[in-house]
file data18.pdb (PDB, C-alpha atoms)
ATOM      1  CA  MET A1090      -4.560 -72.011 -30.252
ATOM      2  CA  PRO A1091      -1.277 -71.518 -28.380
ATOM      3  CA  HIS A1092       1.015 -74.528 -28.295
ATOM      4  CA  ALA A1093       4.517 -75.192 -27.001
ATOM      5  CA  THR A1094       6.608 -77.880 -28.669
ATOM      6  CA  ALA A1095       8.299 -80.669 -26.738
ATOM      7  CA  LYS A1096      11.729 -82.039 -27.586
ATOM      8  CA  ASP A1097      10.218 -84.802 -29.715
ATOM      9  CA  GLY A1098       7.912 -82.451 -31.610
ATOM     10  CA  VAL A1099       4.724 -83.106 -29.621
ATOM     11  CA  ARG A1100       2.635 -79.937 -29.350
ATOM     12  CA  LEU A1101       1.349 -78.985 -25.890
ATOM     13  CA  TYR A1102      -1.672 -76.728 -25.573
ATOM     14  CA  PHE A1103      -1.496 -74.135 -22.804
ATOM     15  CA  GLU A1104      -3.419 -71.198 -21.428
ATOM     16  CA  GLU A1105      -2.090 -68.342 -19.339
ATOM     17  CA  ALA A1106      -3.511 -65.497 -17.305
ATOM     18  CA  GLY A1107      -2.222 -62.719 -15.092
ATOM     19  CA  ALA A1108       1.195 -61.205 -14.511
ATOM     20  CA  GLY A1109       3.889 -61.541 -11.879
ATOM     21  CA  THR A1110       5.991 -64.415 -10.571
ATOM     22  CA  PRO A1111       5.081 -67.436 -12.717
ATOM     23  CA  LEU A1112       3.059 -70.433 -11.505
ATOM     24  CA  ILE A1113       2.676 -73.516 -13.685
ATOM     25  CA  PHE A1114      -0.100 -76.028 -12.985
ATOM     26  CA  LEU A1115       0.300 -79.743 -13.765
ATOM     27  CA  HIS A1116      -2.885 -81.812 -13.823
ATOM     28  CA  GLU A1117      -3.694 -85.360 -12.704
ATOM     29  CA  PHE A1118      -4.511 -88.384 -14.883
ATOM     30  CA  ALA A1119      -8.284 -87.857 -14.869
ATOM     31  CA  ALA A1120      -8.030 -84.116 -15.553
ATOM     32  CA  ASP A1121      -6.624 -81.679 -18.105
ATOM     33  CA  HIS A1122      -5.756 -77.977 -18.150
ATOM     34  CA  THR A1123      -9.393 -76.932 -17.627
ATOM     35  CA  ASN A1124      -9.515 -78.404 -14.123
ATOM     36  CA  TRP A1125      -7.215 -75.681 -12.829
ATOM     37  CA  GLU A1126      -9.729 -72.942 -13.634
ATOM     38  CA  PRO A1127     -10.538 -72.160  -9.942
ATOM     39  CA  GLN A1128      -6.816 -71.666  -9.362
ATOM     40  CA  LEU A1129      -6.128 -69.620 -12.498
ATOM     41  CA  ARG A1130      -8.956 -67.225 -11.674
ATOM     42  CA  TYR A1131      -7.632 -66.751  -8.145
ATOM     43  CA  PHE A1132      -3.854 -66.679  -8.579
ATOM     44  CA  ALA A1133      -3.858 -64.639 -11.800
ATOM     45  CA  ARG A1134      -4.608 -61.608  -9.647
ATOM     46  CA  ARG A1135      -0.994 -61.672  -8.458
ATOM     47  CA  HIS A1136       0.896 -64.158 -10.628
ATOM     48  CA  ARG A1137       1.504 -65.167 -14.202
ATOM     49  CA  CYS A1138      -0.373 -68.474 -14.321
ATOM     50  CA  ILE A1139       0.118 -71.213 -16.896
ATOM     51  CA  ALA A1140      -1.964 -74.373 -17.220
ATOM     52  CA  TYR A1141      -1.358 -76.876 -19.991
ATOM     53  CA  SER A1142      -2.720 -80.196 -21.129
ATOM     54  CA  ALA A1143      -0.209 -83.025 -21.033
ATOM     55  CA  ARG A1144       0.592 -85.058 -24.128
ATOM     56  CA  GLY A1145      -2.306 -87.381 -24.850
ATOM     57  CA  TYR A1146      -4.862 -84.824 -23.670
ATOM     58  CA  THR A1147      -6.498 -82.753 -26.395
ATOM     59  CA  PRO A1148      -6.083 -80.057 -27.564
ATOM     60  CA  SER A1149      -2.460 -81.131 -27.045
ATOM     61  CA  ASP A1150      -1.185 -83.761 -29.460
ATOM     62  CA  VAL A1151      -2.017 -87.426 -28.894
ATOM     63  CA  PRO A1152       1.005 -89.439 -30.071
ATOM     64  CA  VAL A1153       0.240 -92.936 -31.309
ATOM     65  CA  SER A1154       3.171 -94.762 -29.740
ATOM     66  CA  PRO A1155       2.956 -95.589 -26.006
ATOM     67  CA  ASP A1156       6.759 -95.355 -25.925
ATOM     68  CA  VAL A1157       6.580 -91.549 -25.781
ATOM     69  CA  TYR A1158       4.459 -91.419 -22.614
ATOM     70  CA  SER A1159       7.141 -92.073 -20.013
ATOM     71  CA  TYR A1160       7.506 -90.029 -16.840
ATOM     72  CA  VAL A1161      10.603 -88.438 -18.395
ATOM     73  CA  HIS A1162       8.525 -87.155 -21.323
ATOM     74  CA  PHE A1163       5.995 -85.707 -18.888
ATOM     75  CA  TYR A1164       8.336 -83.715 -16.677
ATOM     76  CA  THR A1165      10.429 -82.467 -19.607
ATOM     77  CA  ASP A1166       7.200 -81.365 -21.302
ATOM     78  CA  ALA A1167       6.605 -78.973 -18.394
ATOM     79  CA  LEU A1168      10.044 -77.501 -18.998
ATOM     80  CA  ALA A1169       9.267 -77.205 -22.717
ATOM     81  CA  VAL A1170       6.226 -75.067 -21.880
ATOM     82  CA  LEU A1171       8.391 -72.810 -19.711
ATOM     83  CA  ASP A1172      11.025 -72.610 -22.463
ATOM     84  CA  HIS A1173       8.403 -71.614 -25.013
ATOM     85  CA  LEU A1174       7.242 -68.800 -22.737
ATOM     86  CA  GLY A1175      10.756 -67.646 -21.910
ATOM     87  CA  ILE A1176      10.380 -68.474 -18.214
ATOM     88  CA  ALA A1177      13.596 -69.451 -16.454
ATOM     89  CA  ALA A1178      11.953 -70.796 -13.287
ATOM     90  CA  ALA A1179       8.448 -71.067 -11.867
ATOM     91  CA  HIS A1180       6.505 -72.241  -8.866
ATOM     92  CA  PHE A1181       5.094 -75.694  -9.735
ATOM     93  CA  VAL A1182       1.613 -76.681  -8.542
ATOM     94  CA  GLY A1183       0.840 -80.334  -9.200
ATOM     95  CA  LEU A1184      -1.882 -82.820  -8.426
ATOM     96  CA  SER A1185      -1.177 -86.562  -8.453
ATOM     97  CA  MET A1186       0.480 -87.244 -11.824
ATOM     98  CA  GLY A1187       1.388 -83.566 -11.928
ATOM     99  CA  SER A1188       2.939 -83.788  -8.463
ATOM    100  CA  TYR A1189       5.137 -86.675  -9.550
ATOM    101  CA  SER A1190       6.304 -84.640 -12.549
ATOM    102  CA  SER A1191       6.973 -81.612 -10.347
ATOM    103  CA  LEU A1192       9.102 -83.737  -8.029
ATOM    104  CA  GLN A1193      11.038 -85.021 -11.043
ATOM    105  CA  VAL A1194      11.791 -81.442 -12.082
ATOM    106  CA  ALA A1195      13.133 -80.760  -8.579
ATOM    107  CA  LEU A1196      15.278 -83.903  -8.820
ATOM    108  CA  ASN A1197      16.590 -83.321 -12.336
ATOM    109  CA  ALA A1198      16.378 -79.574 -13.080
ATOM    110  CA  PRO A1199      16.293 -77.794  -9.696
ATOM    111  CA  HIS A1200      17.266 -74.443 -11.237
ATOM    112  CA  ARG A1201      13.911 -74.370 -13.076
ATOM    113  CA  ILE A1202      11.663 -74.742 -10.028
ATOM    114  CA  ARG A1203      11.145 -72.067  -7.356
ATOM    115  CA  SER A1204       8.904 -74.250  -5.210
ATOM    116  CA  MET A1205       6.529 -77.169  -5.593
ATOM    117  CA  VAL A1206       3.073 -78.031  -4.357
ATOM    118  CA  LEU A1207       2.730 -81.811  -4.236
ATOM    119  CA  ALA A1208      -0.981 -82.527  -3.841
ATOM    120  CA  GLY A1209      -2.432 -86.035  -3.887
ATOM    121  CA  VAL A1210       1.039 -87.422  -4.440
ATOM    122  CA  GLY A1211       2.333 -90.965  -4.484
ATOM    123  CA  SER A1212      -0.502 -93.344  -5.339
ATOM    124  CA  GLY A1213       0.870 -96.607  -6.659
ATOM    125  CA  SER A1214       4.154 -96.213  -4.781
ATOM    126  CA  SER A1215       3.831 -99.144  -2.380
ATOM    127  CA  LEU A1216       6.634-101.561  -3.200
ATOM    128  CA  GLU A1217       4.626-104.458  -1.805
ATOM    129  CA  GLN A1218       1.716-103.678  -4.131
ATOM    130  CA  LEU A1219       3.702-102.346  -7.101
ATOM    131  CA  ASP A1220       3.220-105.341  -9.380
ATOM    132  CA  ALA A1221      -0.523-105.362  -8.694
ATOM    133  CA  PHE A1222      -0.733-101.619  -9.313
ATOM    134  CA  ARG A1223       1.039-101.909 -12.632
ATOM    135  CA  ALA A1224      -1.191-104.796 -13.652
ATOM    136  CA  GLN A1225      -4.222-102.642 -12.857
ATOM    137  CA  CYS A1226      -2.779 -99.824 -14.969
ATOM    138  CA  ARG A1227      -2.447-102.199 -17.913
ATOM    139  CA  ALA A1228      -6.003-103.405 -17.386
ATOM    140  CA  THR A1229      -7.319 -99.838 -17.277
ATOM    141  CA  ALA A1230      -5.413 -99.028 -20.458
ATOM    142  CA  GLU A1231      -7.128-101.958 -22.145
ATOM    143  CA  GLN A1232     -10.491-100.697 -20.912
ATOM    144  CA  PHE A1233      -9.866 -97.334 -22.537
ATOM    145  CA  GLU A1234      -8.928 -99.087 -25.783
ATOM    146  CA  THR A1235     -11.820-101.558 -25.844
ATOM    147  CA  LEU A1236     -14.645 -99.752 -24.032
ATOM    148  CA  GLY A1237     -13.741 -96.116 -24.709
ATOM    149  CA  SER A1238     -13.527 -93.138 -22.376
ATOM    150  CA  VAL A1239     -17.241 -92.902 -21.563
ATOM    151  CA  GLU A1240     -17.487 -96.385 -20.052
ATOM    152  CA  THR A1241     -14.075 -96.287 -18.394
ATOM    153  CA  ALA A1242     -14.885 -92.966 -16.730
ATOM    154  CA  LYS A1243     -17.805 -94.678 -15.003
ATOM    155  CA  VAL A1244     -15.335 -97.009 -13.307
ATOM    156  CA  THR A1245     -12.773 -94.327 -12.464
ATOM    157  CA  ARG A1246     -15.329 -92.073 -10.792
ATOM    158  CA  GLU A1247     -16.109 -94.838  -8.274
ATOM    159  CA  ALA A1248     -12.487 -95.235  -7.101
ATOM    160  CA  PRO A1249     -12.214 -94.932  -3.299
ATOM    161  CA  GLY A1250     -10.157 -91.731  -3.312
ATOM    162  CA  ARG A1251     -12.767 -90.025  -5.479
ATOM    163  CA  ILE A1252     -15.836 -90.800  -3.372
ATOM    164  CA  PRO A1253     -15.312 -87.848  -0.974
ATOM    165  CA  PHE A1254     -15.748 -85.498  -3.946
ATOM    166  CA  LEU A1255     -19.044 -87.216  -4.779
ATOM    167  CA  VAL A1256     -20.237 -87.003  -1.176
ATOM    168  CA  LYS A1257     -19.525 -83.314  -0.659
ATOM    169  CA  ASP A1258     -20.173 -81.996  -4.173
ATOM    170  CA  PRO A1259     -22.232 -84.287  -6.457
ATOM    171  CA  ARG A1260     -22.584 -81.564  -9.061
ATOM    172  CA  GLY A1261     -18.853 -80.886  -9.251
ATOM    173  CA  HIS A1262     -18.137 -84.615  -9.267
ATOM    174  CA  ALA A1263     -20.515 -85.128 -12.189
ATOM    175  CA  ASP A1264     -18.976 -82.282 -14.194
ATOM    176  CA  PHE A1265     -15.467 -83.596 -13.561
ATOM    177  CA  TYR A1266     -16.223 -87.087 -14.830
ATOM    178  CA  ALA A1267     -18.266 -85.842 -17.757
ATOM    179  CA  ALA A1268     -15.060 -84.124 -18.830
ATOM    180  CA  LEU A1269     -13.065 -87.332 -18.324
ATOM    181  CA  ALA A1270     -15.548 -89.158 -20.532
ATOM    182  CA  ARG A1271     -14.602 -86.782 -23.356
ATOM    183  CA  HIS A1272     -10.876 -87.523 -23.124
ATOM    184  CA  ASP A1273      -9.120 -89.150 -26.043
ATOM    185  CA  ALA A1274      -9.217 -92.894 -25.313
ATOM    186  CA  ARG A1275      -5.906 -93.605 -27.014
ATOM    187  CA  GLY A1276      -4.163 -90.827 -25.111
ATOM    188  CA  SER A1277      -5.605 -92.046 -21.806
ATOM    189  CA  ALA A1278      -4.592 -95.643 -22.545
ATOM    190  CA  ASN A1279      -1.056 -94.621 -23.466
ATOM    191  CA  THR A1280      -0.740 -92.433 -20.372
ATOM    192  CA  MET A1281      -2.005 -95.201 -18.135
ATOM    193  CA  ARG A1282       0.355 -97.739 -19.671
ATOM    194  CA  GLY A1283       3.432 -95.517 -20.063
ATOM    195  CA  PHE A1284       3.373 -92.983 -17.236
ATOM    196  CA  GLN A1285       1.135 -94.463 -14.565
ATOM    197  CA  GLY A1286       2.264 -98.034 -14.985
ATOM    198  CA  GLY A1287       5.897 -97.333 -15.825
ATOM    199  CA  ARG A1288       7.111 -94.687 -13.373
ATOM    200  CA  PRO A1289       9.471 -95.668 -10.560
ATOM    201  CA  SER A1290       8.079 -95.697  -7.033
ATOM    202  CA  ILE A1291       9.056 -92.667  -4.972
ATOM    203  CA  TYR A1292      10.265 -95.110  -2.324
ATOM    204  CA  THR A1293      13.175 -96.023  -4.617
ATOM    205  CA  MET A1294      14.402 -92.408  -4.671
ATOM    206  CA  THR A1295      15.079 -91.819  -0.976
ATOM    207  CA  ASP A1296      18.693 -90.670  -1.257
ATOM    208  CA  ALA A1297      17.961 -88.327  -4.165
ATOM    209  CA  ILE A1298      14.901 -86.869  -2.422
ATOM    210  CA  ARG A1299      16.962 -86.101   0.685
ATOM    211  CA  ARG A1300      19.194 -83.874  -1.444
ATOM    212  CA  VAL A1301      16.336 -81.768  -2.866
ATOM    213  CA  ALA A1302      16.491 -78.221  -1.529
ATOM    214  CA  THR A1303      13.348 -76.998  -3.302
ATOM    215  CA  PRO A1304      10.669 -75.678  -0.914
ATOM    216  CA  ALA A1305       7.730 -78.058  -0.966
ATOM    217  CA  LEU A1306       4.169 -78.053   0.297
ATOM    218  CA  ILE A1307       2.673 -81.544   0.464
ATOM    219  CA  ILE A1308      -1.141 -81.628   0.539
ATOM    220  CA  CYS A1309      -3.083 -84.801   1.234
ATOM    221  CA  GLY A1310      -6.739 -85.603   1.752
ATOM    222  CA  ASP A1311      -7.251 -87.682   4.883
ATOM    223  CA  GLU A1312      -9.541 -90.056   2.964
ATOM    224  CA  ASP A1313      -7.153 -90.496   0.047
ATOM    225  CA  ASP A1314      -5.703 -93.686   1.512
ATOM    226  CA  ALA A1315      -3.266 -94.389  -1.317
ATOM    227  CA  CYS A1316      -1.524 -91.049  -0.790
ATOM    228  CA  VAL A1317      -1.308 -90.792   3.013
ATOM    229  CA  ALA A1318       1.822 -92.920   3.486
ATOM    230  CA  PRO A1319       3.672 -91.432   0.476
ATOM    231  CA  SER A1320       2.869 -87.920   1.736
ATOM    232  CA  LEU A1321       4.307 -88.749   5.136
ATOM    233  CA  PHE A1322       7.347 -90.302   3.456
ATOM    234  CA  LEU A1323       8.000 -87.136   1.473
ATOM    235  CA  LYS A1324       7.542 -84.962   4.553
ATOM    236  CA  GLN A1325      10.121 -87.111   6.324
ATOM    237  CA  HIS A1326      12.716 -86.958   3.556
ATOM    238  CA  LEU A1327      12.275 -83.649   1.684
ATOM    239  CA  PRO A1328      14.381 -81.196   3.718
ATOM    240  CA  ALA A1329      12.347 -78.034   3.036
ATOM    241  CA  SER A1330       8.867 -79.517   3.132
ATOM    242  CA  GLY A1331       5.665 -78.926   5.021
ATOM    243  CA  LEU A1332       2.595 -81.149   5.158
ATOM    244  CA  THR A1333      -1.050 -80.131   5.345
ATOM    245  CA  VAL A1334      -3.946 -82.569   5.529
ATOM    246  CA  PHE A1335      -7.435 -81.643   4.349
ATOM    247  CA  PRO A1336     -10.134 -83.252   6.536
ATOM    248  CA  LYS A1337     -12.870 -85.376   4.962
ATOM    249  CA  SER A1338     -11.174 -85.041   1.594
ATOM    250  CA  GLY A1339     -10.075 -87.391  -1.154
ATOM    251  CA  HIS A1340      -7.916 -87.091  -4.247
ATOM    252  CA  VAL A1341      -9.335 -84.191  -6.274
ATOM    253  CA  LEU A1342      -8.202 -81.593  -3.751
ATOM    254  CA  ASN A1343      -8.179 -78.452  -5.887
ATOM    255  CA  LEU A1344     -11.819 -79.001  -6.884
ATOM    256  CA  GLU A1345     -13.133 -80.629  -3.710
ATOM    257  CA  GLU A1346     -11.896 -77.752  -1.538
ATOM    258  CA  PRO A1347     -10.886 -74.916  -3.872
ATOM    259  CA  ALA A1348     -10.935 -72.166  -1.241
ATOM    260  CA  LEU A1349      -8.849 -74.173   1.222
ATOM    261  CA  PHE A1350      -6.492 -75.279  -1.540
ATOM    262  CA  ASN A1351      -5.988 -71.732  -2.799
ATOM    263  CA  GLU A1352      -5.446 -70.368   0.697
ATOM    264  CA  SER A1353      -2.869 -73.035   1.526
ATOM    265  CA  VAL A1354      -0.956 -72.561  -1.719
ATOM    266  CA  GLU A1355      -1.083 -68.779  -1.490
ATOM    267  CA  ARG A1356       0.382 -68.771   2.024
ATOM    268  CA  PHE A1357       3.081 -71.236   0.992
ATOM    269  CA  ILE A1358       4.190 -69.222  -2.036
ATOM    270  CA  ALA A1359       4.193 -65.987  -0.025
ATOM    271  CA  LEU A1360       6.483 -67.554   2.577
ATOM    272  CA  VAL A1361       8.774 -68.970  -0.097
ATOM    273  CA  GLU A1362       9.089 -65.609  -1.814
ATOM    274  CA  ALA A1363       9.793 -63.959   1.547
ATOM    275  CA  GLY A1364      12.586 -66.440   2.181
ATOM    276  CA  ARG A1365      10.709 -67.886   5.160
ATOM    277  CA  TRP A1366      10.259 -71.499   4.011
ATOM    278  CA  GLY A1367      13.588 -73.204   4.545
ATOM    279  CA  ALA A1368      14.838 -76.579   5.619
ATOM    280  CA  ARG A1369      13.666 -77.920   8.947
ATOM    281  CA  ASP A1370      15.599 -76.595  11.928
ATOM    282  CA  PRO A1371      17.459 -79.617  13.331
ATOM    283  CA  ARG A1372      16.531 -78.527  16.869
ATOM    284  CA  SER A1373      12.906 -79.485  16.107
ATOM    285  CA  SER A1374      13.817 -83.055  15.213
ATOM    286  CA  VAL A1375      13.923 -85.842  17.781
ATOM    287  CA  GLY A1376      16.839 -88.238  17.489
TER     288      GLY A1376
END

call {"tool": "encode", "arguments": {"input": "data18.pdb", "output": "structure tokens"}}
result
Amino acid sequence: MPHATAKDGVRLYFEEAGAGTPLIFLHEFAADHTNWEPQLRYFARRHRCIAYSARGYTPSDVPVSPDVYSYVHFYTDALAVLDHLGIAAAHFVGLSMGSYSSLQVALNAPHRIRSMVLAGVGSGSSLEQLDAFRAQCRATAEQFETLGSVETAKVTREAPGRIPFLVKDPRGHADFYAALARHDARGSANTMRGFQGGRPSIYTMTDAIRRVATPALIICGDEDDACVAPSLFLKQHLPASGLTVFPKSGHVLNLEEPALFNESVERFIALVEAGRWGARDPRSSVG
């Protein structure tokens, strides 16, 4: 099994396919590298595609200490995978947790990121609800530890942002959460406690975000309520960003609407590589 090694020695399992300009895919909390399969099969026709499982998600290592599951560990892990493969810079495609990590790469290592797709980004960012969100993360972590992944997955699959997937594709929804039920409970608990419940809100990064020159495509489902306002916030403050909204869609965008997702990302990357996705022309802005 191929593994890259993070700075602290944690091994990260990855898969790759295709050749060309590199794309790296960063998964959400409830997923792992396998959930990018519809994208790897499509984009590998023209790109070198890499998908990896984050720390805490087998067959990557599952460290015991929750202290090594911070958002810093997660975004630097993505860079460790690129380092292992000898890739100087790549297009980043993230969903939810993976979008947050992609944004952190743009903020902290902009020379490593050609562009970024920020899909389902920003849940848990509301400053007014931040304490409640973090308390819920701690409670979910305890559920993973006491009830295990099978029982906790039953709760996660009923979250509001995940119902649109159930409505439009019950079979895909069932497969997705069957996979979540197989996740390592300790890894999920540590990720929920360290990353999900410990990351800073994007609303505290306004000045830094305004300085990011990386081309960005923000994708949001119109029924993913927790991500609508953060997506609009990022569109407002990321200079070279565009926003697309998928109708009647929730959080699991790459699996709910794989054809639409692939088409949107493909067009975005083509425009970036053609030098046609720059900062907003100030003449189009009011005030």

call {"tool": "resolve_selection", "arguments": {"input": "data18.pdb", "expression": "the PyMOL selection byres ((chain A and resi 1112) around 6)", "output": "list in words"}}
result
Pro1111, Ile1113, Cys1138, Ala1179, His1180 and Phe1181 of chain A

call {"tool": "axis_aligned_box", "arguments": {"input": "data18.pdb", "around": "stretch 1231-1240 of chain A", "padding_each_side": "5 Å", "output": "lines of an AutoDock Vina configuration file"}}
result
center_x = -12.3
center_y = -97.4
center_z = -22.9
size_x = 20.4
size_y = 19.1
size_z = 15.8

call {"tool": "residues_around", "arguments": {"input": "data18.pdb", "residues": "stretch 1297-1305 of chain A", "least_positions_apart": "6", "cutoff": "9 Å", "atoms": "all atoms listed in the file", "output": "JSON, numbers by chain"}}
result
{"A": [1192, 1195, 1196, 1199, 1202, 1203, 1204, 1205, 1206, 1207, 1291, 1323, 1324, 1325, 1326, 1327, 1328, 1329, 1330, 1331, 1332, 1357, 1361, 1366, 1367, 1368]}

call {"tool": "closest_residue", "arguments": {"input": "data18.pdb", "among": "A:Thr1280, A:Glu1355, A:Phe1233, A:Ser1320", "to": "A:Pro1155", "atoms": "all atoms listed in the file"}}
result
A:Thr1280

call {"tool": "resolve_selection", "arguments": {"input": "data18.pdb", "expression": "the PyMOL selection byres ((chain A and resi 1174) around 12)", "output": "MDAnalysis selection string"}}
result
chainID A and resid 1091:1094 1103:1105 1111 1113 1137:1139 1167:1173 1175:1179

call {"tool": "resolve_selection", "arguments": {"input": "data18.pdb", "expression": "the PyMOL selection byres ((chain A and resi 1218-1225) around 9)", "output": "PyMOL selection string"}}
result
chain A and resi 1213-1217+1226-1230+1282+1285-1287+1290

call {"tool": "atom_distance", "arguments": {"input": "data18.pdb", "atom1": "atom CA of A:Arg1260", "atom2": "atom CA of A:Ile1308"}}
result
23.5 Å

call {"tool": "atom_distance", "arguments": {"input": "data18.pdb", "atom1": "atom CA of A:Leu1360", "atom2": "atom CA of A:Ala1348"}}
result
18.4 Å

call {"tool": "atom_distance", "arguments": {"input": "data18.pdb", "atom1": "atom CA of A:Thr1235", "atom2": "atom CA of A:Gly1276"}}
result
13.2 Å

call {"tool": "residues_around", "arguments": {"input": "data18.pdb", "residues": "stretch 1107-1110 of chain A", "least_positions_apart": "3", "cutoff": "6 Å", "atoms": "all atoms listed in the file", "output": "count of residues only"}}
result
4

call {"tool": "decode", "arguments": {"input": "data18.pdb", "residues": "stretch 1120-1140 of chain A", "atoms": "N, CA and C atoms", "output": "mmCIF file, in the first residue's frame"}}
result
data_model
loop_
_atom_site.group_PDB
_atom_site.id
_atom_site.type_symbol
_atom_site.label_atom_id
_atom_site.label_comp_id
_atom_site.auth_asym_id
_atom_site.auth_seq_id
_atom_site.Cartn_x
_atom_site.Cartn_y
_atom_site.Cartn_z
ATOM 1 N N ALA A 1120 -16.303 11.163 5.099
ATOM 2 C CA ALA A 1120 -15.824 10.430 3.928
ATOM 3 C C ALA A 1120 -14.402 9.919 4.151
ATOM 4 N N ASP A 1121 -13.803 9.419 3.081
ATOM 5 C CA ASP A 1121 -12.381 9.098 3.035
ATOM 6 C C ASP A 1121 -11.972 9.152 1.565
ATOM 7 N N HIS A 1122 -10.806 8.619 1.230
ATOM 8 C CA HIS A 1122 -10.328 8.762 -0.148
ATOM 9 C C HIS A 1122 -11.251 8.098 -1.161
ATOM 10 N N THR A 1123 -11.998 7.072 -0.751
ATOM 11 C CA THR A 1123 -12.813 6.315 -1.708
ATOM 12 C C THR A 1123 -13.973 7.136 -2.250
ATOM 13 N N ASN A 1124 -14.386 8.167 -1.529
ATOM 14 C CA ASN A 1124 -15.547 8.946 -1.954
ATOM 15 C C ASN A 1124 -15.262 9.888 -3.114
ATOM 16 N N TRP A 1125 -14.014 9.952 -3.529
ATOM 17 C CA TRP A 1125 -13.653 10.751 -4.698
ATOM 18 C C TRP A 1125 -13.592 9.908 -5.972
ATOM 19 N N GLU A 1126 -14.023 8.665 -5.900
ATOM 20 C CA GLU A 1126 -13.906 7.779 -7.060
ATOM 21 C C GLU A 1126 -14.580 8.343 -8.320
ATOM 22 N N PRO A 1127 -15.788 8.939 -8.249
ATOM 23 C CA PRO A 1127 -16.379 9.501 -9.471
ATOM 24 C C PRO A 1127 -15.536 10.614 -10.085
ATOM 25 N N GLN A 1128 -14.763 11.307 -9.245
ATOM 26 C CA GLN A 1128 -13.904 12.370 -9.759
ATOM 27 C C GLN A 1128 -12.592 11.807 -10.310
ATOM 28 N N LEU A 1129 -12.012 10.822 -9.621
ATOM 29 C CA LEU A 1129 -10.770 10.240 -10.125
ATOM 30 C C LEU A 1129 -10.990 9.604 -11.492
ATOM 31 N N ARG A 1130 -12.087 8.894 -11.650
ATOM 32 C CA ARG A 1130 -12.346 8.228 -12.933
ATOM 33 C C ARG A 1130 -12.533 9.235 -14.068
ATOM 34 N N TYR A 1131 -13.076 10.399 -13.734
ATOM 35 C CA TYR A 1131 -13.331 11.406 -14.765
ATOM 36 C C TYR A 1131 -12.082 12.247 -15.059
ATOM 37 N N PHE A 1132 -11.469 12.791 -14.012
ATOM 38 C CA PHE A 1132 -10.375 13.737 -14.224
ATOM 39 C C PHE A 1132 -9.046 13.057 -14.571
ATOM 40 N N ALA A 1133 -8.922 11.770 -14.282
ATOM 41 C CA ALA A 1133 -7.680 11.068 -14.622
ATOM 42 C C ALA A 1133 -7.471 10.951 -16.123
ATOM 43 N N ARG A 1134 -8.492 11.261 -16.903
ATOM 44 C CA ARG A 1134 -8.337 11.244 -18.354
ATOM 45 C C ARG A 1134 -7.415 12.370 -18.833
ATOM 46 N N ARG A 1135 -7.299 13.427 -18.011
ATOM 47 C CA ARG A 1135 -6.515 14.583 -18.425
ATOM 48 C C ARG A 1135 -5.534 15.068 -17.358
ATOM 49 N N HIS A 1136 -5.632 14.548 -16.152
ATOM 50 C CA HIS A 1136 -4.834 15.059 -15.046
ATOM 51 C C HIS A 1136 -4.236 13.914 -14.235
ATOM 52 N N ARG A 1137 -3.182 14.240 -13.521
ATOM 53 C CA ARG A 1137 -2.661 13.332 -12.506
ATOM 54 C C ARG A 1137 -3.468 13.570 -11.239
ATOM 55 N N CYS A 1138 -4.242 12.603 -10.823
ATOM 56 C CA CYS A 1138 -5.178 12.754 -9.713
ATOM 57 C C CYS A 1138 -4.697 11.986 -8.482
ATOM 58 N N ILE A 1139 -4.749 12.653 -7.342
ATOM 59 C CA ILE A 1139 -4.342 12.043 -6.084
ATOM 60 C C ILE A 1139 -5.468 12.206 -5.072
ATOM 61 N N ALA A 1140 -5.876 11.111 -4.465
ATOM 62 C CA ALA A 1140 -6.827 11.149 -3.354
ATOM 63 C C ALA A 1140 -6.190 10.410 -2.186
#
